[in-house]
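For reference, query.csv (CSV, C-alpha atoms):
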```
chain,number,residue,atom,x,y,z
A,1,MET,CA,56.6,-34.6,-23.1
A,2,LYS,CA,57.7,-38.2,-22.9
A,3,LEU,CA,61.2,-39.5,-23.1
A,4,PRO,CA,61.7,-43.2,-24.3
A,5,GLY,CA,62.9,-45.5,-21.6
A,6,HIS,CA,66.3,-46.2,-23.2
A,7,LYS,CA,67.0,-42.5,-23.6
A,8,CYS,CA,65.9,-41.8,-20.1
A,9,SER,CA,68.3,-44.5,-18.9
A,10,ALA,CA,71.1,-42.9,-20.9
A,11,LEU,CA,70.2,-39.5,-19.5
A,12,VAL,CA,70.3,-40.7,-15.9
A,13,ALA,CA,73.6,-42.6,-16.5
A,14,CYS,CA,74.9,-39.4,-18.0
A,15,MET,CA,73.8,-37.4,-15.0
A,16,VAL,CA,75.5,-39.8,-12.7
A,17,LEU,CA,78.5,-39.6,-14.9
A,18,LEU,CA,78.6,-35.9,-14.4
A,19,LEU,CA,80.0,-36.7,-11.0
A,20,ALA,CA,81.8,-39.8,-12.0
A,21,ILE,CA,83.9,-39.1,-15.1
A,22,GLY,CA,87.5,-38.1,-14.7
A,23,ALA,CA,88.9,-41.5,-13.9
A,24,GLY,CA,91.1,-43.8,-15.8
A,25,PRO,CA,94.6,-45.2,-15.9
A,26,PRO,CA,97.0,-42.7,-14.5
A,27,VAL,CA,98.6,-40.4,-17.0
A,28,LEU,CA,102.3,-41.0,-17.7
A,29,GLY,CA,104.2,-39.2,-14.9
A,30,GLN,CA,101.2,-39.2,-12.5
A,31,ARG,CA,101.2,-41.1,-9.3
A,32,SER,CA,98.4,-42.1,-7.0
A,33,LEU,CA,98.2,-40.2,-3.7
A,34,GLY,CA,99.1,-42.3,-0.6
A,35,PRO,CA,96.4,-43.9,1.6
A,36,ASP,CA,96.7,-41.1,4.2
A,37,ALA,CA,95.3,-38.7,1.6
A,38,ARG,CA,92.1,-40.7,1.1
A,39,ALA,CA,89.8,-38.7,3.3
A,40,PHE,CA,86.8,-40.7,2.1
A,41,ASP,CA,88.3,-43.9,3.6
A,42,LEU,CA,87.2,-42.6,6.9
A,43,GLY,CA,83.6,-42.4,5.9
A,44,GLU,CA,82.1,-39.7,3.7
A,45,GLU,CA,78.8,-38.7,2.3
A,46,LEU,CA,78.3,-36.2,-0.6
A,47,VAL,CA,74.8,-34.9,-1.3
A,48,TYR,CA,73.9,-33.1,-4.6
A,49,GLU,CA,70.8,-31.5,-6.2
A,50,ALA,CA,70.2,-31.4,-9.9
A,51,GLU,CA,68.5,-28.5,-11.7
A,52,PHE,CA,67.0,-28.4,-15.2
A,53,THR,CA,66.7,-25.4,-17.6
A,54,ARG,CA,64.9,-25.5,-21.0
A,55,ALA,CA,63.7,-22.6,-23.0
A,56,VAL,CA,61.5,-20.4,-20.6
A,57,LEU,CA,62.0,-22.9,-17.8
A,58,ARG,CA,64.6,-21.9,-15.3
A,59,LYS,CA,66.4,-23.9,-12.7
A,60,LEU,CA,63.8,-26.4,-11.8
A,61,ASP,CA,64.8,-29.0,-9.2
A,62,ILE,CA,64.6,-32.5,-10.8
A,63,ALA,CA,66.8,-35.0,-8.9
A,64,ASP,CA,68.8,-35.7,-5.7
A,65,PHE,CA,72.1,-37.4,-5.7
A,66,ARG,CA,73.9,-39.1,-2.8
A,67,PHE,CA,77.3,-40.7,-2.7
A,68,THR,CA,78.9,-42.5,0.2
A,69,ALA,CA,82.3,-44.1,0.8
A,70,ILE,CA,83.4,-46.3,3.7
A,71,ARG,CA,86.1,-48.9,4.3
A,72,VAL,CA,84.8,-52.3,5.4
A,73,THR,CA,86.7,-55.2,6.9
A,74,SER,CA,85.8,-58.8,6.5
A,75,LYS,CA,87.2,-62.3,7.4
A,76,ASP,CA,87.5,-65.3,5.1
A,77,ALA,CA,86.8,-68.9,6.0
A,78,ILE,CA,90.2,-69.3,7.8
A,79,GLY,CA,89.9,-66.1,9.7
A,80,GLU,CA,92.2,-63.9,7.6
A,81,SER,CA,91.1,-60.2,7.5
A,82,SER,CA,90.9,-58.1,4.4
A,83,SER,CA,89.5,-54.6,3.7
A,84,SER,CA,87.7,-53.1,0.8
A,85,LEU,CA,86.1,-49.8,-0.1
A,86,ARG,CA,82.3,-49.8,-0.4
A,87,LEU,CA,81.2,-46.9,-2.6
A,88,THR,CA,77.6,-46.2,-3.3
A,89,GLY,CA,75.7,-43.8,-5.6
A,90,ASP,CA,72.0,-43.1,-5.5
A,91,VAL,CA,70.0,-40.8,-7.8
A,92,ALA,CA,66.3,-40.3,-7.7
A,93,THR,CA,64.2,-37.9,-9.8
A,94,LYS,CA,61.6,-35.8,-8.2
A,95,GLY,CA,58.9,-33.2,-8.9
A,96,PHE,CA,59.3,-31.6,-12.3
A,97,PHE,CA,61.3,-34.3,-14.0
A,98,SER,CA,58.6,-36.9,-13.2
A,99,LYS,CA,55.9,-34.6,-14.6
A,100,LEU,CA,58.0,-33.5,-17.7
A,101,PHE,CA,58.8,-37.0,-18.8
A,102,ASN,CA,55.9,-38.8,-17.1
A,103,LEU,CA,58.4,-41.1,-15.5
A,104,ARG,CA,60.0,-41.6,-12.1
A,105,VAL,CA,63.6,-42.8,-12.2
A,106,HIS,CA,65.7,-44.2,-9.4
A,107,GLN,CA,69.2,-45.8,-9.7
A,108,HIS,CA,71.2,-47.2,-6.8
A,109,ILE,CA,74.8,-48.4,-7.5
A,110,GLU,CA,77.1,-50.1,-5.1
A,111,SER,CA,80.8,-50.7,-5.9
A,112,SER,CA,83.3,-52.9,-4.1
A,113,VAL,CA,86.8,-51.6,-4.7
A,114,ASP,CA,90.3,-53.1,-3.9
A,115,PRO,CA,91.8,-50.2,-1.9
A,116,ILE,CA,95.4,-51.1,-2.7
A,117,ALA,CA,95.1,-51.2,-6.5
A,118,PHE,CA,92.1,-49.0,-6.4
A,119,SER,CA,90.3,-51.2,-9.0
A,120,VAL,CA,86.7,-52.1,-9.0
A,121,VAL,CA,85.9,-55.7,-8.1
A,122,ARG,CA,82.1,-55.9,-8.3
A,123,THR,CA,79.3,-53.5,-9.2
A,124,ASN,CA,75.6,-54.1,-8.2
A,125,LYS,CA,72.9,-51.8,-9.7
A,126,LEU,CA,69.2,-51.3,-9.1
A,127,ASP,CA,67.5,-49.4,-12.0
A,128,GLU,CA,63.9,-48.4,-11.6
A,129,GLN,CA,62.1,-46.5,-14.4
A,130,GLY,CA,58.4,-46.4,-13.5
A,131,LYS,CA,57.2,-50.0,-13.4
A,132,ARG,CA,60.3,-51.2,-15.2
A,133,VAL,CA,62.8,-52.6,-12.8
A,134,ARG,CA,66.2,-54.2,-13.5
A,135,VAL,CA,68.9,-55.5,-11.2
A,136,SER,CA,72.4,-56.2,-12.5
A,137,GLU,CA,75.8,-57.4,-11.3
A,138,ALA,CA,79.2,-56.9,-12.9
A,139,VAL,CA,82.1,-59.0,-11.8
A,140,PHE,CA,85.6,-57.8,-12.7
A,141,ASP,CA,88.2,-60.6,-12.9
A,142,ARG,CA,91.6,-59.0,-13.1
A,143,THR,CA,93.4,-62.3,-13.3
A,144,VAL,CA,92.0,-62.9,-16.8
A,145,GLY,CA,91.0,-59.4,-17.7
A,146,ARG,CA,87.3,-60.0,-18.2
A,147,ILE,CA,84.1,-58.4,-17.0
A,148,THR,CA,80.9,-60.5,-16.7
A,149,TRP,CA,77.7,-58.5,-16.5
A,150,THR,CA,74.3,-60.1,-15.7
A,151,GLU,CA,71.0,-58.3,-15.7
A,152,ARG,CA,67.7,-59.7,-14.4
A,153,ASP,CA,64.1,-58.6,-14.3
A,154,PRO,CA,62.8,-59.2,-10.7
A,155,ASN,CA,59.2,-58.7,-12.0
A,156,HIS,CA,59.6,-61.7,-14.3
A,157,PRO,CA,62.1,-64.0,-12.5
A,158,GLN,CA,61.3,-66.8,-15.0
A,159,GLN,CA,62.9,-64.9,-17.8
A,160,GLN,CA,66.5,-65.7,-18.8
A,161,PRO,CA,68.9,-63.0,-17.6
A,162,ARG,CA,70.9,-60.9,-20.1
A,163,VAL,CA,74.6,-61.7,-20.0
A,164,ALA,CA,77.5,-59.8,-21.5
A,165,THR,CA,81.2,-60.1,-21.3
A,166,ALA,CA,84.1,-57.8,-22.3
A,167,ALA,CA,87.8,-57.9,-22.1
A,168,PHE,CA,89.8,-55.2,-20.4
A,169,ALA,CA,93.4,-54.4,-19.7
A,170,GLY,CA,94.8,-52.2,-17.0
A,171,ALA,CA,92.7,-50.2,-14.5
A,172,VAL,CA,89.0,-50.0,-15.1
A,173,GLN,CA,86.4,-48.3,-13.1
A,174,ASP,CA,82.6,-48.3,-12.9
A,175,ILE,CA,80.7,-45.0,-13.0
A,176,VAL,CA,80.8,-44.6,-9.2
A,177,SER,CA,84.3,-45.8,-8.4
A,178,ALA,CA,85.5,-43.4,-11.0
A,179,ILE,CA,84.4,-40.5,-8.8
A,180,TYR,CA,86.8,-41.5,-6.1
A,181,PHE,CA,89.7,-42.6,-8.4
A,182,VAL,CA,90.0,-39.1,-10.0
A,183,ARG,CA,90.3,-37.6,-6.6
A,184,LEU,CA,93.6,-39.4,-6.1
A,185,GLN,CA,95.1,-38.1,-9.3
A,186,PRO,CA,97.1,-34.9,-9.9
A,187,LEU,CA,95.6,-32.8,-12.7
A,188,GLU,CA,97.4,-30.3,-15.0
A,189,VAL,CA,95.7,-27.7,-17.1
A,190,GLY,CA,96.0,-28.3,-20.8
A,191,LYS,CA,96.8,-32.0,-20.5
A,192,GLY,CA,94.4,-34.7,-21.5
A,193,PHE,CA,94.0,-38.4,-20.9
A,194,GLU,CA,91.6,-41.3,-21.6
A,195,VAL,CA,89.0,-42.6,-19.2
A,196,GLN,CA,88.2,-46.3,-19.1
A,197,VAL,CA,84.7,-46.8,-17.7
A,198,SER,CA,82.6,-50.0,-17.7
A,199,ASP,CA,78.8,-49.8,-17.8
A,200,SER,CA,76.3,-52.6,-18.7
A,201,GLY,CA,79.1,-55.0,-19.6
A,202,ARG,CA,80.8,-52.6,-22.1
A,203,ILE,CA,84.0,-50.7,-21.9
A,204,TYR,CA,84.1,-47.0,-23.0
A,205,ARG,CA,87.3,-45.1,-23.5
A,206,LEU,CA,86.5,-41.4,-23.2
A,207,PRO,CA,89.0,-38.5,-23.7
A,208,ILE,CA,89.2,-35.9,-21.0
A,209,ILE,CA,90.7,-32.4,-21.1
A,210,VAL,CA,91.8,-30.5,-18.0
A,211,VAL,CA,90.6,-27.1,-19.1
A,212,GLU,CA,91.2,-24.4,-16.4
A,213,ARG,CA,91.7,-23.4,-12.8
A,214,ARG,CA,89.6,-20.6,-11.3
A,215,ARG,CA,87.5,-19.6,-8.3
A,216,MET,CA,83.9,-20.5,-7.8
A,217,LYS,CA,81.2,-19.9,-5.2
A,218,THR,CA,80.2,-23.2,-3.7
A,219,VAL,CA,78.6,-24.6,-0.6
A,220,LEU,CA,82.2,-25.0,0.6
A,221,GLY,CA,82.8,-21.2,0.1
A,222,ASN,CA,84.5,-19.2,-2.6
A,223,ILE,CA,87.2,-21.8,-3.5
A,224,GLY,CA,89.6,-22.7,-6.2
A,225,VAL,CA,88.3,-25.3,-8.7
A,226,ILE,CA,89.5,-27.3,-11.6
A,227,ARG,CA,87.4,-27.8,-14.7
A,228,LEU,CA,87.4,-31.1,-16.7
A,229,ASP,CA,85.6,-31.6,-20.0
A,230,PRO,CA,85.0,-35.3,-20.8
A,231,GLU,CA,83.9,-36.2,-24.3
A,232,ILE,CA,80.9,-38.5,-23.5
A,233,PHE,CA,78.8,-37.6,-26.6
A,234,GLY,CA,79.3,-39.1,-30.1
A,235,GLU,CA,79.6,-42.4,-31.9
A,236,LYS,CA,80.9,-45.2,-29.8
A,237,ARG,CA,80.7,-42.9,-26.7
A,238,LEU,CA,78.5,-43.4,-23.7
A,239,VAL,CA,75.8,-41.2,-25.2
A,240,ARG,CA,75.1,-40.9,-28.9
A,241,GLY,CA,74.3,-37.5,-30.4
A,242,ASN,CA,75.6,-34.0,-29.7
A,243,GLY,CA,76.1,-32.4,-26.4
A,244,LYS,CA,78.7,-31.1,-23.9
A,245,PHE,CA,79.4,-31.4,-20.3
A,246,SER,CA,81.9,-30.1,-17.7
A,247,ILE,CA,82.7,-31.0,-14.1
A,248,TRP,CA,84.4,-28.8,-11.5
A,249,LEU,CA,86.5,-30.3,-8.7
A,250,SER,CA,87.8,-28.5,-5.6
A,251,ASP,CA,91.4,-27.5,-6.2
A,252,ASP,CA,92.8,-29.1,-3.0
A,253,GLN,CA,93.9,-32.5,-1.8
A,254,ARG,CA,90.3,-33.8,-1.4
A,255,ARG,CA,89.3,-33.0,-5.0
A,256,ILE,CA,85.6,-32.9,-4.1
A,257,PRO,CA,83.2,-32.7,-7.2
A,258,VAL,CA,81.4,-29.4,-6.5
A,259,ARG,CA,79.5,-28.7,-9.7
A,260,ALA,CA,78.7,-30.2,-13.1
A,261,ARG,CA,76.8,-29.1,-16.2
A,262,LEU,CA,75.4,-31.1,-19.1
A,263,SER,CA,73.8,-29.5,-22.2
A,264,ASN,CA,72.1,-31.2,-25.1
A,265,SER,CA,68.9,-30.9,-27.2
A,266,THR,CA,66.8,-31.8,-24.1
A,267,GLY,CA,68.1,-28.8,-22.1
A,268,THR,CA,70.7,-28.0,-19.6
A,269,PHE,CA,71.3,-30.0,-16.4
A,270,GLU,CA,73.3,-28.6,-13.5
A,271,ILE,CA,74.3,-30.6,-10.5
A,272,LYS,CA,75.5,-28.7,-7.4
A,273,LEU,CA,77.0,-30.0,-4.2
A,274,LYS,CA,74.7,-29.3,-1.2
A,275,ARG,CA,76.4,-31.0,1.7
A,276,VAL,CA,79.5,-33.0,2.8
A,277,ALA,CA,79.2,-35.1,5.9
A,278,ALA,CA,81.1,-37.7,7.8
A,279,ILE,CA,79.4,-41.0,8.4
A,280,PRO,CA,80.1,-43.8,10.9
A,281,VAL,CA,82.4,-46.5,9.6
A,282,PRO,CA,81.3,-50.1,10.5
A,283,HIS,CA,83.7,-52.3,12.3
```
Show me this structure written as structure tokens.
Amino acid sequence: MKLPGHKCSALVACMVLLLAIGAGPPVLGQRSLGPDARAFDLGEELVYEAEFTRAVLRKLDIADFRFTAIRVTSKDAIGESSSSLRLTGDVATKGFFSKLFNLRVHQHIESSVDPIAFSVVRTNKLDEQGKRVRVSEAVFDRTVGRITWTERDPNHPQQQPRVATAAFAGAVQDIVSAIYFVRLQPLEVGKGFEVQVSDSGRIYRLPIIVVERRRMKTVLGNIGVIRLDPEIFGEKRLVRGNGKFSIWLSDDQRRIPVRARLSNSTGTFEIKLKRVAAIPVPH
């Protein structure tokens, strides 16, 4: 079975988004948690494994995910210090996925985030699909409310880059910074809000419903979780066509994404948290 490159890209983006969706401008009445509640500021790594089910195929491991968050400090030309959050997301297919679609896929995304406003400033992405390689950069200018996205083909440096711009207002996240933004927001069952996510120079506004609270067996133990259902499928959504996905966050102050599920005509993808680790913070 082969999957066209653009569909594969959308699928991987969707799989990344399983762990990313849930962010957006705070809902009326919500407030961001204080800096002391940002456990990931201290240096955190989240490791996940994705499984695929289709017809008679059951729970085949197809990809590894890794997310890290650290706070970094830098000095400008006159010696003034400033800090930012450096958030990275990395997904690489393996084993069965590569055989099923005859394609190896790897995406690495690095986000620079203003920790005060918790707004993305810059996104750099490496997208490898077999021999096809693309590198891109998105710059978010909040002073004028505009994103400038540039994509290049490193295998053909003589080609003109693709450039796209889009206007935005209010808070906007990329698909990695969104993971961490949602962890700062209180969530109430039965209430919905819109997600504003930028990808490839476009802005997508996606509705999200907070569905339920319950207990779930996870690598963290039998814990309370909150289920969110983002509407990513449909016309003018991130992914065209029909499908459904849900994401479960730990029902505590850290709001760690512990599980996600996506179902469409291709099959069912499940992503489960395997490990949470502290990582050294550079000085």
Minimum-distance residue to Ser263 (chain A), chosen among A:Arg215, A:Lys244, A:Arg132, A:Arg66 (using all atoms listed in the file) =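 Using all atoms listed in the file, Ser263 (chain A) sits closest to A:Lys244.
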request  = One decimal, Å: what's the distance from CA of Glu49 (chain A) over to CA of Gly224 (chain A), could you say?
outcome  =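 We find that CA of Glu49 (chain A) and CA of Gly224 (chain A) lie 20.8 Å from each other.
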request  = Quick one: residues within 7 Å of (77.8, -42.8, -5.6) (file frame), counting all atoms listed in the file, please, as a ChimeraX atom specification.
outcome  = /A:66-68,87-90,109,176
If you keep C-alpha atoms, can you produce a file of those selected residues as a CSV table (one decimal), in the frame of the given file?
```csv
chain,number,residue,atom,x,y,z
A,66,ARG,CA,73.9,-39.1,-2.8
A,67,PHE,CA,77.3,-40.7,-2.7
A,68,THR,CA,78.9,-42.5,0.2
A,87,LEU,CA,81.2,-46.9,-2.6
A,88,THR,CA,77.6,-46.2,-3.3
A,89,GLY,CA,75.7,-43.8,-5.6
A,90,ASP,CA,72.0,-43.1,-5.5
A,109,ILE,CA,74.8,-48.4,-7.5
A,176,VAL,CA,80.8,-44.6,-9.2
```
ask   = Mind pulling up the distance from CA of Arg205 (chain A) to CA of Leu228 (chain A)?
value =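 These atoms are spaced 15.6 Å apart.
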ask   = In Å, with one decimal, what is the gap from CA of Thr150 (chain A) to CA of Ala164 (chain A)?
value = 6.6 Å
query = From the set A:Ser111, A:Ser177, A:Ser136, A:Ser82, which residue has the shortest atom-to-atom contact distance to Pro154 (chain A), counting only C-alpha atoms?
reply =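 Ranking A:Ser111, A:Ser177, A:Ser136, A:Ser82 by distance to Pro154 (chain A), first place goes to A:Ser136.
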